[in-house]
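Okay, entry-v1.cif now, which holds mmCIF, C-alpha atoms:
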```cif
data_input
loop_
_atom_site.label_atom_id
_atom_site.label_comp_id
_atom_site.auth_asym_id
_atom_site.auth_seq_id
_atom_site.Cartn_x
_atom_site.Cartn_y
_atom_site.Cartn_z
CA MET A 127 0.00 0.00 0.00
CA ALA A 128 1.29 3.47 -0.82
CA SER A 129 2.15 5.81 1.98
CA ASP A 130 -0.73 8.19 2.72
CA SER A 131 1.58 11.04 3.64
CA PHE A 132 3.67 10.52 0.50
CA SER A 133 0.60 10.43 -1.72
CA LYS A 134 -0.78 13.54 -0.03
CA GLY A 135 2.50 15.38 -0.55
CA LEU A 136 2.54 14.38 -4.21
CA THR A 137 -0.97 15.56 -5.02
CA SER A 138 -0.40 18.84 -3.22
CA THR A 139 2.53 19.73 -5.46
CA THR A 140 1.23 18.96 -8.92
CA GLY A 141 2.05 22.42 -10.25
CA THR A 142 5.02 23.20 -12.48
CA PRO A 143 8.16 24.45 -10.70
CA PRO A 144 8.82 28.20 -11.10
CA PHE A 145 12.20 27.65 -12.76
CA VAL A 146 10.36 26.59 -15.94
CA ASP A 147 9.75 30.32 -16.48
CA LEU A 148 13.52 30.82 -16.44
CA TRP A 149 13.89 28.15 -19.13
CA ARG A 150 11.29 29.90 -21.23
CA ARG A 151 12.97 33.30 -20.96
CA SER A 152 16.37 31.79 -21.75
CA ALA A 153 14.97 30.03 -24.83
CA LEU A 154 13.37 33.27 -26.01
CA ARG A 155 16.63 35.19 -25.67
CA ALA A 156 18.50 32.43 -27.51
CA GLY A 157 15.93 32.50 -30.31
CA LEU A 158 16.33 36.25 -30.76
CA VAL A 159 20.13 35.97 -30.82
CA PHE A 160 20.02 33.18 -33.40
CA ALA A 161 17.51 35.11 -35.53
CA ILE A 162 19.73 38.21 -35.60
CA LEU A 163 22.74 36.02 -36.39
CA ALA A 164 20.83 34.41 -39.30
CA VAL A 165 20.13 37.82 -40.86
CA ILE A 166 23.77 38.89 -40.47
CA LEU A 167 25.03 35.67 -42.04
CA ALA A 168 22.61 36.07 -44.97
CA LEU A 169 23.94 39.58 -45.63
CA LEU A 170 27.54 38.37 -45.40
CA GLY A 171 26.70 35.51 -47.74
CA GLN A 172 25.29 37.91 -50.31
CA LYS A 173 28.43 40.01 -50.17
CA PHE A 174 31.21 37.42 -49.98
CA ASP A 175 29.67 34.19 -51.29
CA GLN A 176 27.52 33.68 -54.37
CA PRO A 177 25.01 36.58 -54.22
CA ALA A 178 22.20 34.45 -55.66
CA LEU A 179 22.55 31.95 -52.82
CA GLY A 180 22.63 34.44 -49.95
CA TRP A 181 19.02 33.93 -48.85
CA ASP A 182 18.66 30.45 -50.35
CA HIS A 183 20.74 29.11 -47.47
CA VAL A 184 18.28 30.71 -45.07
CA VAL A 185 15.46 28.71 -46.66
CA ARG A 186 17.53 25.52 -46.46
CA GLY A 187 18.31 26.21 -42.81
CA TRP A 188 14.60 26.87 -42.23
CA LEU A 189 13.77 23.43 -43.66
CA HIS A 190 16.37 21.95 -41.32
CA GLY A 191 14.86 23.67 -38.28
CA PHE A 192 11.32 22.86 -39.36
CA MET A 193 12.08 19.14 -39.64
CA ILE A 194 13.60 19.11 -36.13
CA CYS A 195 10.55 20.87 -34.63
CA PHE A 196 8.20 18.70 -36.69
CA GLY A 197 9.93 15.62 -35.31
CA PHE A 198 9.69 16.80 -31.70
CA CYS A 199 6.00 17.68 -31.99
CA PHE A 200 4.49 14.84 -33.97
CA GLY A 201 7.12 12.31 -32.97
CA ALA A 202 5.92 12.93 -29.41
CA MET A 203 2.39 12.17 -30.58
CA ALA A 204 3.52 8.83 -32.04
CA LEU A 205 5.47 7.94 -28.90
CA LEU A 206 2.51 8.93 -26.72
CA MET A 207 0.21 6.62 -28.67
CA THR A 208 2.82 3.86 -28.49
CA GLN A 209 2.87 4.24 -24.72
CA TYR A 210 -0.90 3.93 -24.48
CA LEU A 211 -0.67 0.69 -26.46
CA SER A 212 2.24 -0.81 -24.55
CA GLY A 213 1.26 0.37 -21.08
CA GLY A 214 3.82 0.46 -18.32
CA LYS A 215 4.73 2.74 -15.47
CA TRP A 216 7.18 4.75 -17.57
CA GLY A 217 4.20 6.33 -19.33
CA LEU A 218 3.02 7.98 -16.11
CA ILE A 219 6.29 9.91 -15.87
CA ILE A 220 6.78 10.80 -19.52
CA ARG A 221 3.18 11.57 -20.48
CA ARG A 222 3.00 15.25 -19.56
CA PRO A 223 6.17 16.25 -21.43
CA LEU A 224 4.95 14.33 -24.48
CA GLU A 225 1.53 15.98 -24.33
CA ALA A 226 3.16 19.40 -24.03
CA MET A 227 5.26 18.69 -27.12
CA THR A 228 2.22 17.65 -29.14
CA ARG A 229 0.36 20.86 -28.27
CA THR A 230 3.02 22.89 -30.08
CA TRP A 231 1.53 21.82 -33.42
CA PRO A 232 0.16 25.31 -34.31
CA LEU A 233 3.71 26.72 -34.25
CA VAL A 234 5.03 23.80 -36.31
CA VAL A 235 2.36 24.42 -38.95
CA LEU A 236 3.30 28.10 -38.91
CA PHE A 237 6.92 27.12 -39.53
CA TRP A 238 5.72 25.08 -42.52
CA PHE A 239 4.31 28.04 -44.43
CA PRO A 240 7.69 29.55 -45.44
CA ILE A 241 8.68 26.10 -46.73
CA ALA A 242 5.48 25.92 -48.78
CA LEU A 243 5.70 29.48 -50.04
CA LEU A 244 9.42 29.87 -50.73
CA GLY A 245 10.46 26.25 -51.11
CA ALA A 246 7.59 25.04 -53.26
CA SER A 247 5.69 27.98 -54.76
CA PHE A 248 8.88 29.93 -55.59
CA GLY A 249 11.02 26.84 -56.15
CA LYS A 250 13.79 27.82 -53.73
CA LEU A 251 14.12 24.26 -52.44
CA TYR A 252 12.44 21.81 -54.78
CA ILE A 253 13.72 21.44 -58.30
CA TRP A 254 10.44 19.83 -59.41
CA ALA A 255 8.62 23.03 -58.41
CA ARG A 256 11.20 25.31 -60.02
CA TYR A 257 11.22 23.56 -63.41
CA ASP A 258 7.76 22.17 -64.00
CA ASN A 259 8.48 22.48 -67.72
CA TRP A 260 11.16 19.85 -67.70
CA ARG A 261 11.75 19.85 -71.48
CA ASP A 262 12.62 23.54 -71.53
CA ALA A 263 14.83 23.22 -68.44
CA LEU A 264 16.64 20.24 -69.98
CA GLN A 265 17.32 22.10 -73.22
CA LYS A 266 18.76 25.04 -71.29
CA GLY A 267 21.02 22.75 -69.27
CA LEU A 268 19.38 23.66 -65.95
CA ILE A 269 18.70 20.03 -65.05
CA THR A 270 20.20 16.69 -65.99
CA ILE A 271 18.45 14.08 -68.08
CA ASP A 272 17.93 11.93 -64.96
CA GLN A 273 16.27 14.85 -63.18
CA ALA A 274 14.10 15.56 -66.20
CA HIS A 275 13.00 11.92 -66.35
CA ALA A 276 12.16 11.90 -62.62
CA ILE A 277 10.25 15.19 -62.77
CA HIS A 278 8.24 13.97 -65.74
CA TRP A 279 7.16 10.64 -64.27
CA LYS A 280 6.66 11.85 -60.70
CA GLN A 281 4.78 15.00 -61.65
CA PRO A 282 1.34 13.62 -60.63
CA MET A 283 2.63 13.60 -57.05
CA LEU A 284 5.43 16.15 -57.10
CA ASN A 285 3.57 19.34 -57.91
CA VAL A 286 2.85 22.44 -55.88
CA THR A 287 -0.91 21.82 -55.57
CA SER A 288 -0.40 18.29 -54.21
CA PHE A 289 2.28 19.60 -51.85
CA TYR A 290 -0.18 22.04 -50.28
CA VAL A 291 -3.20 19.72 -50.20
CA VAL A 292 -1.42 16.66 -48.83
CA SER A 293 0.49 18.65 -46.21
CA LEU A 294 -2.59 20.48 -44.93
CA VAL A 295 -4.69 17.31 -44.83
CA CYS A 296 -1.98 15.51 -42.86
CA PHE A 297 -1.64 18.42 -40.44
CA ALA A 298 -5.41 18.44 -39.92
CA ILE A 299 -5.41 14.70 -39.11
CA PHE A 300 -2.48 15.11 -36.71
CA ALA A 301 -4.17 18.07 -35.03
CA LEU A 302 -7.32 15.98 -34.51
CA TYR A 303 -5.33 13.19 -32.84
CA VAL A 304 -3.42 15.65 -30.67
CA THR A 305 -6.69 17.28 -29.58
CA LEU A 306 -8.31 13.96 -28.69
CA LEU A 307 -5.29 12.61 -26.83
CA ASN A 308 -4.94 15.76 -24.75
CA SER A 309 -8.63 16.35 -24.07
CA TRP A 310 -9.24 12.73 -23.03
CA SER A 311 -6.23 12.90 -20.71
CA VAL A 312 -7.75 15.91 -18.94
CA LYS A 313 -11.17 14.28 -18.74
CA ARG A 314 -9.72 11.12 -17.22
CA ASP A 315 -7.92 13.14 -14.54
CA ALA A 316 -11.14 15.04 -13.78
CA ASP A 317 -13.25 11.88 -13.62
CA PRO A 318 -14.31 11.46 -9.93
CA GLU A 319 -14.76 7.70 -10.34
CA PRO A 320 -12.53 6.69 -13.25
CA ASN A 321 -13.27 3.41 -14.94
CA VAL A 322 -9.78 2.13 -15.64
CA ALA A 323 -10.82 -0.46 -18.23
CA ARG A 324 -13.04 2.01 -20.14
CA TRP A 325 -10.37 4.69 -20.36
CA ARG A 326 -7.70 2.18 -21.32
CA THR A 327 -9.90 0.85 -24.12
CA LYS A 328 -10.61 4.36 -25.42
CA PHE A 329 -6.94 5.28 -25.59
CA GLU A 330 -5.92 1.95 -27.10
CA ASN A 331 -8.60 2.13 -29.81
CA LEU A 332 -7.51 5.64 -30.75
CA SER A 333 -3.80 4.89 -30.61
CA GLY A 334 -3.83 1.52 -32.38
CA PHE A 335 -5.02 2.89 -35.70
CA GLY A 336 -3.32 6.22 -35.03
CA VAL A 337 0.20 4.78 -34.91
CA VAL A 338 -0.27 2.97 -38.23
CA LEU A 339 -1.85 6.03 -39.85
CA TYR A 340 0.92 8.29 -38.61
CA ALA A 341 3.62 5.98 -40.00
CA VAL A 342 1.97 6.03 -43.44
CA LEU A 343 1.35 9.79 -43.50
CA LEU A 344 4.84 10.51 -42.19
CA PHE A 345 6.31 8.60 -45.12
CA VAL A 346 4.29 10.74 -47.52
CA LEU A 347 5.30 14.00 -45.83
CA VAL A 348 8.96 12.99 -45.69
CA ILE A 349 8.86 12.38 -49.43
CA TYR A 350 7.55 15.91 -49.99
CA PHE A 351 9.68 17.71 -47.42
CA VAL A 352 13.08 15.99 -47.75
CA MET A 353 13.33 13.08 -50.20
CA SER A 354 11.98 15.10 -53.14
CA LEU A 355 14.86 17.58 -52.78
CA ASP A 356 16.51 15.02 -55.07
CA PRO A 357 13.67 13.71 -57.26
CA THR A 358 15.89 11.06 -58.83
CA TRP A 359 16.34 9.11 -55.59
CA TYR A 360 13.98 6.95 -53.60
CA SER A 361 14.08 4.53 -50.68
CA THR A 362 11.37 2.30 -49.26
CA VAL A 363 12.84 2.52 -45.74
CA TYR A 364 13.25 6.31 -45.70
CA GLY A 365 10.02 6.98 -43.80
CA PHE A 366 10.81 4.36 -41.16
CA GLN A 367 14.21 5.95 -40.59
CA PHE A 368 12.51 9.25 -39.87
CA LEU A 369 9.92 7.56 -37.64
CA VAL A 370 12.60 5.94 -35.49
CA GLY A 371 14.73 9.08 -35.62
CA GLN A 372 11.85 11.12 -34.25
CA ALA A 373 11.40 8.76 -31.30
CA TYR A 374 15.19 8.89 -30.81
CA GLY A 375 15.12 12.69 -30.43
CA VAL A 376 11.80 12.95 -28.55
CA LEU A 377 12.87 10.44 -25.92
CA ALA A 378 16.15 12.27 -25.36
CA LEU A 379 14.34 15.60 -24.93
CA SER A 380 11.79 14.02 -22.58
CA ILE A 381 14.52 12.59 -20.36
CA LEU A 382 16.30 15.96 -20.25
CA THR A 383 13.02 17.60 -19.23
CA LEU A 384 12.33 15.05 -16.50
CA ILE A 385 15.83 15.23 -15.06
CA ALA A 386 15.62 19.02 -14.95
CA LEU A 387 12.18 18.88 -13.33
CA SER A 388 13.34 16.30 -10.79
CA LYS A 389 14.87 19.11 -8.73
CA ALA A 390 11.38 19.82 -7.37
CA GLU A 391 8.13 18.04 -6.61
CA PRO A 392 6.24 16.16 -7.89
CA ILE A 393 8.83 14.76 -10.33
CA LYS A 394 11.41 14.56 -7.54
CA SER A 395 9.30 11.91 -5.81
CA THR A 396 8.17 9.98 -8.87
CA PHE A 397 11.13 10.05 -11.26
CA ARG A 398 13.41 7.69 -9.40
CA ILE A 399 16.32 5.48 -10.31
CA VAL A 400 14.04 2.71 -11.60
CA GLU A 401 12.16 4.98 -14.03
CA GLN A 402 15.36 6.70 -15.10
CA HIS A 403 17.01 3.35 -15.79
CA ASP A 404 13.98 2.15 -17.78
CA LEU A 405 13.99 5.26 -19.98
CA GLY A 406 17.73 4.89 -20.48
CA LYS A 407 17.20 1.32 -21.70
CA LEU A 408 14.49 2.55 -24.06
CA CYS A 409 16.97 5.10 -25.43
CA PHE A 410 19.42 2.27 -26.01
CA ALA A 411 16.76 0.33 -27.94
CA PHE A 412 16.06 3.27 -30.26
CA VAL A 413 19.78 3.83 -30.82
CA MET A 414 20.16 0.21 -31.97
CA LEU A 415 17.03 0.34 -34.15
CA ASN A 416 18.14 3.59 -35.73
CA MET A 417 21.57 2.09 -36.38
CA TYR A 418 20.07 -1.03 -37.93
CA LEU A 419 17.76 0.81 -40.36
CA ALA A 420 20.41 3.26 -41.54
CA PHE A 421 23.10 0.63 -42.04
CA ALA A 422 20.70 -1.82 -43.71
CA SER A 423 19.62 0.86 -46.19
CA PHE A 424 23.23 1.76 -46.97
CA LEU A 425 24.33 -1.87 -47.30
CA ILE A 426 21.51 -2.84 -49.68
CA ILE A 427 22.05 0.15 -51.96
CA TRP A 428 25.84 -0.15 -51.92
CA SER A 429 25.84 -3.88 -52.65
CA GLY A 430 23.29 -3.40 -55.43
CA ASN A 431 25.56 -0.78 -57.00
CA SER A 432 22.70 0.62 -59.07
CA PRO A 433 23.53 3.84 -60.97
CA GLU A 434 20.10 5.16 -60.01
CA GLU A 435 20.72 4.80 -56.27
CA ILE A 436 24.40 5.11 -55.35
CA PRO A 437 24.81 8.78 -56.47
CA TRP A 438 22.76 9.80 -53.42
CA TYR A 439 25.42 8.33 -51.13
CA LEU A 440 28.31 9.50 -53.32
CA ASP A 441 27.03 13.07 -52.98
CA ARG A 442 27.31 12.63 -49.19
CA ILE A 443 30.68 10.89 -49.06
CA ARG A 444 32.89 12.51 -51.67
CA GLY A 445 34.17 16.06 -51.78
CA ASN A 446 34.97 16.27 -48.04
CA TRP A 447 31.47 15.08 -47.10
CA GLY A 448 33.07 11.89 -45.83
CA VAL A 449 34.14 13.81 -42.73
CA ILE A 450 30.55 14.81 -42.02
CA ALA A 451 29.34 11.25 -42.66
CA THR A 452 31.97 9.77 -40.35
CA LEU A 453 31.15 12.20 -37.56
CA ASP A 454 27.46 11.45 -38.10
CA VAL A 455 28.13 7.77 -37.43
CA ILE A 456 30.17 8.64 -34.34
CA PHE A 457 27.64 11.12 -32.89
CA HIS A 458 24.53 9.22 -33.88
CA TRP A 459 25.45 5.68 -32.98
CA VAL A 460 28.97 4.96 -31.71
CA ILE A 461 28.94 7.34 -28.73
CA PRO A 462 25.33 6.77 -27.54
CA PHE A 463 25.58 3.01 -28.09
CA SER A 464 28.87 2.71 -26.21
CA LEU A 465 27.77 4.87 -23.31
CA LEU A 466 24.31 3.38 -22.89
CA LEU A 467 25.80 -0.09 -22.59
CA SER A 468 26.71 0.92 -19.05
CA ARG A 469 24.10 0.16 -16.39
CA ASP A 470 25.59 2.72 -14.02
CA LEU A 471 25.51 5.50 -16.59
CA LYS A 472 21.76 5.11 -17.06
CA ARG A 473 21.34 5.57 -13.30
CA ILE A 474 23.49 8.73 -12.95
CA LYS A 475 21.59 11.85 -13.96
CA SER A 476 24.54 13.98 -15.05
CA ARG A 477 25.88 11.27 -17.37
CA LEU A 478 22.50 10.46 -18.85
CA VAL A 479 22.00 14.19 -19.52
CA LEU A 480 25.25 14.20 -21.49
CA VAL A 481 24.13 11.24 -23.61
CA CYS A 482 20.73 12.82 -24.32
CA CYS A 483 22.37 16.11 -25.36
CA ILE A 484 24.63 14.19 -27.75
CA MET A 485 21.60 12.39 -29.20
CA ILE A 486 19.74 15.63 -29.91
CA PHE A 487 22.87 17.20 -31.39
CA ALA A 488 23.30 14.07 -33.54
CA ARG A 489 19.76 14.44 -34.91
CA MET A 490 20.53 17.98 -36.03
CA TRP A 491 23.87 16.93 -37.50
CA ASP A 492 22.21 14.07 -39.39
CA MET A 493 19.53 16.40 -40.77
CA PHE A 494 22.25 18.66 -42.18
CA TRP A 495 23.85 15.63 -43.86
CA LEU A 496 20.49 14.62 -45.35
CA ILE A 497 19.48 18.06 -46.66
CA GLU A 498 22.46 20.11 -47.83
CA PRO A 499 24.07 17.67 -50.35
CA ASN A 500 20.83 17.65 -52.37
CA PHE A 501 21.76 21.02 -53.87
CA ARG A 502 24.06 21.38 -56.85
CA ASP A 503 26.47 23.81 -55.18
CA ALA A 504 26.98 21.46 -52.22
CA ALA A 505 26.83 17.91 -53.64
CA ARG A 506 30.32 16.32 -53.42
CA ASN A 507 31.57 19.80 -52.62
CA LEU A 508 31.65 20.57 -48.91
CA HIS A 509 33.26 23.97 -48.48
CA PHE A 510 33.10 26.77 -45.97
CA SER A 511 30.79 29.68 -46.70
CA TRP A 512 28.85 32.18 -44.65
CA GLY A 513 25.69 30.55 -45.95
CA ILE A 514 26.59 27.14 -44.54
CA LEU A 515 26.48 28.67 -41.05
CA GLU A 516 22.76 29.23 -41.59
CA TYR A 517 22.40 25.57 -40.65
CA ILE A 518 23.33 26.67 -37.14
CA ALA A 519 21.61 30.03 -36.89
CA VAL A 520 18.23 29.36 -38.50
CA PRO A 521 17.54 25.94 -36.89
CA GLY A 522 18.82 27.40 -33.61
CA ALA A 523 16.23 30.18 -33.85
CA LEU A 524 13.34 27.87 -34.78
CA VAL A 525 14.13 25.28 -32.12
CA SER A 526 14.55 28.00 -29.48
CA PHE A 527 11.17 29.52 -30.29
CA TRP A 528 9.65 26.04 -30.31
CA LEU A 529 11.10 25.44 -26.84
CA VAL A 530 9.44 28.65 -25.62
CA TYR A 531 6.08 27.24 -26.74
CA TYR A 532 6.92 23.82 -25.27
CA PHE A 533 7.78 25.24 -21.85
CA THR A 534 4.62 27.35 -21.95
CA GLU A 535 2.48 24.28 -22.60
CA LEU A 536 4.38 22.33 -19.94
CA LYS A 537 3.15 24.84 -17.34
CA ARG A 538 -0.49 24.54 -18.32
CA ARG A 539 -1.14 21.15 -16.70
CA PRO A 540 -0.07 19.21 -13.60
CA LEU A 541 3.05 17.17 -14.21
CA ILE A 542 1.49 13.93 -12.93
CA ALA A 543 -1.66 12.24 -14.24
CA THR A 544 -3.54 11.74 -10.96
CA ASN A 545 -5.99 9.11 -12.26
CA ASP A 546 -3.39 6.98 -13.97
CA PRO A 547 -3.84 3.29 -12.99
CA HIS A 548 -0.07 3.01 -12.29
CA LEU A 549 0.02 5.90 -9.81
CA THR A 550 -0.64 3.75 -6.74
CA GLU A 551 1.93 1.17 -7.78
CA ILE A 552 4.63 3.75 -8.40
CA LEU A 553 4.14 5.15 -4.90
CA GLU A 554 4.68 1.83 -3.15
CA HIS A 555 7.58 1.88 -0.68
CA ASP A 556 9.06 -1.36 -2.00
CA TYR A 557 8.96 -0.07 -5.56
CA ALA A 558 10.42 3.27 -4.55
CA HIS A 559 13.54 1.63 -3.17
CA ALA A 560 13.89 -1.13 -5.77
#
```
Represent the structure contained in this file as structure tokens.
Amino acid sequence: MASDSFSKGLTSTTGTPPFVDLWRRSALRAGLVFAILAVILALLGQKFDQPALGWDHVVRGWLHGFMICFGFCFGAMALLMTQYLSGGKWGLIIRRPLEAMTRTWPLVVLFWFPIALLGASFGKLYIWARYDNWRDALQKGLITIDQAHAIHWKQPMLNVTSFYVVSLVCFAIFALYVTLLNSWSVKRDADPEPNVARWRTKFENLSGFGVVLYAVLLFVLVIYFVMSLDPTWYSTVYGFQFLVGQAYGVLALSILTLIALSKAEPIKSTFRIVEQHDLGKLCFAFVMLNMYLAFASFLIIWSGNSPEEIPWYLDRIRGNWGVIATLDVIFHWVIPFSLLLSRDLKRIKSRLVLVCCIMIFARMWDMFWLIEPNFRDAARNLHFSWGILEYIAVPGALVSFWLVYYFTELKRRPLIATNDPHLTEILEHDYAHA
């Protein structure tokens, strides 16, 4: 039986600690600094680099930042639904941070509009939008024959109208799921006599189909947002890599949030060594799955040696890009995998914080490696320019502003779901000292 005094102390401190306001102010200041830096770099790029590419790098950096924020927001939705399906006490601890991430979807959609307007409508990002008349572009030497062939045959999908319609429909579906997941969570907490079986069935029915639907729609959106930057390339595992990568980053951010919140109640009393160790093991699982998917994709394409597929990797290995690729492997897999093998590390907050920070940094590094080599001036030609620094400034600004919204939403609700069926079990004395 749970201690009455402990339970009483927990429920009396369900508010968000005041230092969350400090996080929010710090994130806002960082966002403003990064935004000013992005403008300065764009002006320097126009003056010292290729003038035509001065602001194009801003748009590329915006896509980078958008994909990171998109992954945090809707990846949290997928992980939240996965938790409802799998059950477990770890969901009680992680649920509120995940819900707060999902409620940032209006800002993520707002971040999408510059991509749609500049990247698609004005063709700053997508070659299929810039040269819809592929015959004329081919004759003028603006595109290769492979690009012309891909634009021609993929035009029913890769066109500006489909880009807008599909994206907005997907966002509407995601928003509906986020609204239901969050509203039902509040209603369950407010239910004076909660029926555990009924609420569990409701969440499982919503989440079961939702996870499958999200995986399918994510694949479609990833094709539009990232894969179609190079219309000649395709991969059937690309969407799954993004799905796992989102969980990889979301889990790391959730652990960082919980460890920071554990300085005060109620997380101090509920996020104990057992829960921390469990989440560390889950991180390890996603690191291995992410490693498996990425290496399997590379191995299949490389062994097949198809001239239609290997150029995508050659663009990201040759011309000094091999350094970026090698560091990507080290940051993304070697370091987290090696560190998370340790049982003690997963139980020491300061060390687990370091691993989670490396994982989030690795996601941003990997996104740079995926996006930038798609452009003619960068493929097999990694070189320093003022514009390349936009991949630091612009994503830094977008992620900082997203964090402001995230911390704001985190304050709106109690940090512990009081009617969760695992609450009593997690307060047991034996479990607390396990």
Evaluated on this file, the PyMOL selection byres ((chain A and resi 486-493) around 7) picks out some residues - which ones are they, written as a PDB file with C-alpha atoms, in the coordinates of the input?
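Output saved as expr-v3.pdb:
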```
ATOM      1  CA  HIS A 190      16.370  21.950 -41.320  1.00  0.00           C
ATOM      2  CA  GLY A 375      15.120  12.690 -30.430  1.00  0.00           C
ATOM      3  CA  ALA A 378      16.150  12.270 -25.360  1.00  0.00           C
ATOM      4  CA  ASP A 454      27.460  11.450 -38.100  1.00  0.00           C
ATOM      5  CA  PHE A 457      27.640  11.120 -32.890  1.00  0.00           C
ATOM      6  CA  HIS A 458      24.530   9.220 -33.880  1.00  0.00           C
ATOM      7  CA  CYS A 482      20.730  12.820 -24.320  1.00  0.00           C
ATOM      8  CA  CYS A 483      22.370  16.110 -25.360  1.00  0.00           C
ATOM      9  CA  ILE A 484      24.630  14.190 -27.750  1.00  0.00           C
ATOM     10  CA  MET A 485      21.600  12.390 -29.200  1.00  0.00           C
ATOM     11  CA  PHE A 494      22.250  18.660 -42.180  1.00  0.00           C
ATOM     12  CA  TRP A 495      23.850  15.630 -43.860  1.00  0.00           C
ATOM     13  CA  LEU A 496      20.490  14.620 -45.350  1.00  0.00           C
ATOM     14  CA  ILE A 497      19.480  18.060 -46.660  1.00  0.00           C
TER      15      ILE A 497
END
```
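The residues returned by the PyMOL selection byres ((chain A and resi 256) around 12) for this structure are Leu244, Gly245, Ala246, Ser247, Phe248, Gly249, Lys250, Leu251, Tyr252, Ile253, Trp254, Ala255, Tyr257, Asp258, Asn259, Trp260, Asp262, Ala263, Leu268, Ile269, Ala274, Ile277, Leu284, Asn285, Val286 and Leu355 of chain A.
In this comparison, which uses only C-alpha atoms, the residue of A:Ile542, A:Ala204, A:Ala504, A:Ile385 approaching His183 (chain A) most closely is A:Ala504.
Taken over the whole file, the PyMOL selection byres ((chain A and resi 328-335) around 10) covers exactly Met203, Ala204, Leu205, Leu206, Met207, Thr208, Gln209, Tyr210, Leu211, Ser212, Gly213, Tyr303, Leu306, Leu307, Trp310, Ser311, Ala323, Arg324, Trp325, Arg326, Thr327, Gly336, Val337, Val338, Leu339 and Tyr340 of chain A.
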Could you take the residues named above and write them with C-alpha atoms, as a CSV table (one decimal), in the frame of the given file?
```
chain,number,residue,atom,x,y,z
A,203,MET,CA,2.4,12.2,-30.6
A,204,ALA,CA,3.5,8.8,-32.0
A,205,LEU,CA,5.5,7.9,-28.9
A,206,LEU,CA,2.5,8.9,-26.7
A,207,MET,CA,0.2,6.6,-28.7
A,208,THR,CA,2.8,3.9,-28.5
A,209,GLN,CA,2.9,4.2,-24.7
A,210,TYR,CA,-0.9,3.9,-24.5
A,211,LEU,CA,-0.7,0.7,-26.5
A,212,SER,CA,2.2,-0.8,-24.6
A,213,GLY,CA,1.3,0.4,-21.1
A,303,TYR,CA,-5.3,13.2,-32.8
A,306,LEU,CA,-8.3,14.0,-28.7
A,307,LEU,CA,-5.3,12.6,-26.8
A,310,TRP,CA,-9.2,12.7,-23.0
A,311,SER,CA,-6.2,12.9,-20.7
A,323,ALA,CA,-10.8,-0.5,-18.2
A,324,ARG,CA,-13.0,2.0,-20.1
A,325,TRP,CA,-10.4,4.7,-20.4
A,326,ARG,CA,-7.7,2.2,-21.3
A,327,THR,CA,-9.9,0.8,-24.1
A,336,GLY,CA,-3.3,6.2,-35.0
A,337,VAL,CA,0.2,4.8,-34.9
A,338,VAL,CA,-0.3,3.0,-38.2
A,339,LEU,CA,-1.8,6.0,-39.8
A,340,TYR,CA,0.9,8.3,-38.6
```
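In terms of minimum interatomic distance to Leu384 (chain A), A:Leu224 ranks closest within A:Val184, A:Val342, A:Val291, A:Leu224, counting only C-alpha atoms.
Across the model, the gap from CA of Gln172 (chain A) to CA of Glu516 (chain A) is 12.6 Å.
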Show me the residues around (3.3, 17.1, -20.1) - criterion: an atom at most 10 Å away, all atoms listed in the file counted - as a list in words. Thr142, Leu218, Ile219, Ile220, Arg221, Arg222, Pro223, Leu224, Glu225, Ala226, Met227, Thr228, Arg229, Asn308, Ser380, Thr383, Leu384, Tyr532, Phe533, Glu535, Leu536, Lys537, Arg538, Arg539, Pro540, Leu541, Ile542 and Ala543 of chain A
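Shortest atom-to-atom contact with Arg442 (chain A) among A:Ala505, A:Cys199, A:Leu344, A:Val460: A:Ala505, counting only C-alpha atoms.
Rounded to one decimal, CA of Asp317 (chain A) and CA of Ile393 (chain A) lie 22.5 Å from each other.
Contact shell of Leu169 (chain A) at 9 Å (only C-alpha atoms; same-chain neighbours under 4 positions omitted): Ala164, Val165, Lys173, Phe174, Gly180, Trp181 and Trp512 of chain A.
For the atom pair formed by CA of Phe200 (chain A) and CA of Asp147 (chain A), the distance is 23.9 Å, given to one decimal.
With all atoms listed in the file as the atoms that count, the residue of A:Ala202, A:Ala523, A:Leu382, A:Val146 with the shortest distance to Leu369 (chain A) is A:Ala202.
Distances to Trp438 (chain A) were evaluated for A:His275, A:Arg506, A:Lys407, A:Lys394 using all atoms listed in the file, and the minimum falls at A:Arg506.
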If you count all atoms listed in the file, which residues fall within 9 Å of Ser152 (chain A), apart from same-chain ones fewer than 5 positions away, as a ChimeraX atom specification? /A:147,157,526,530
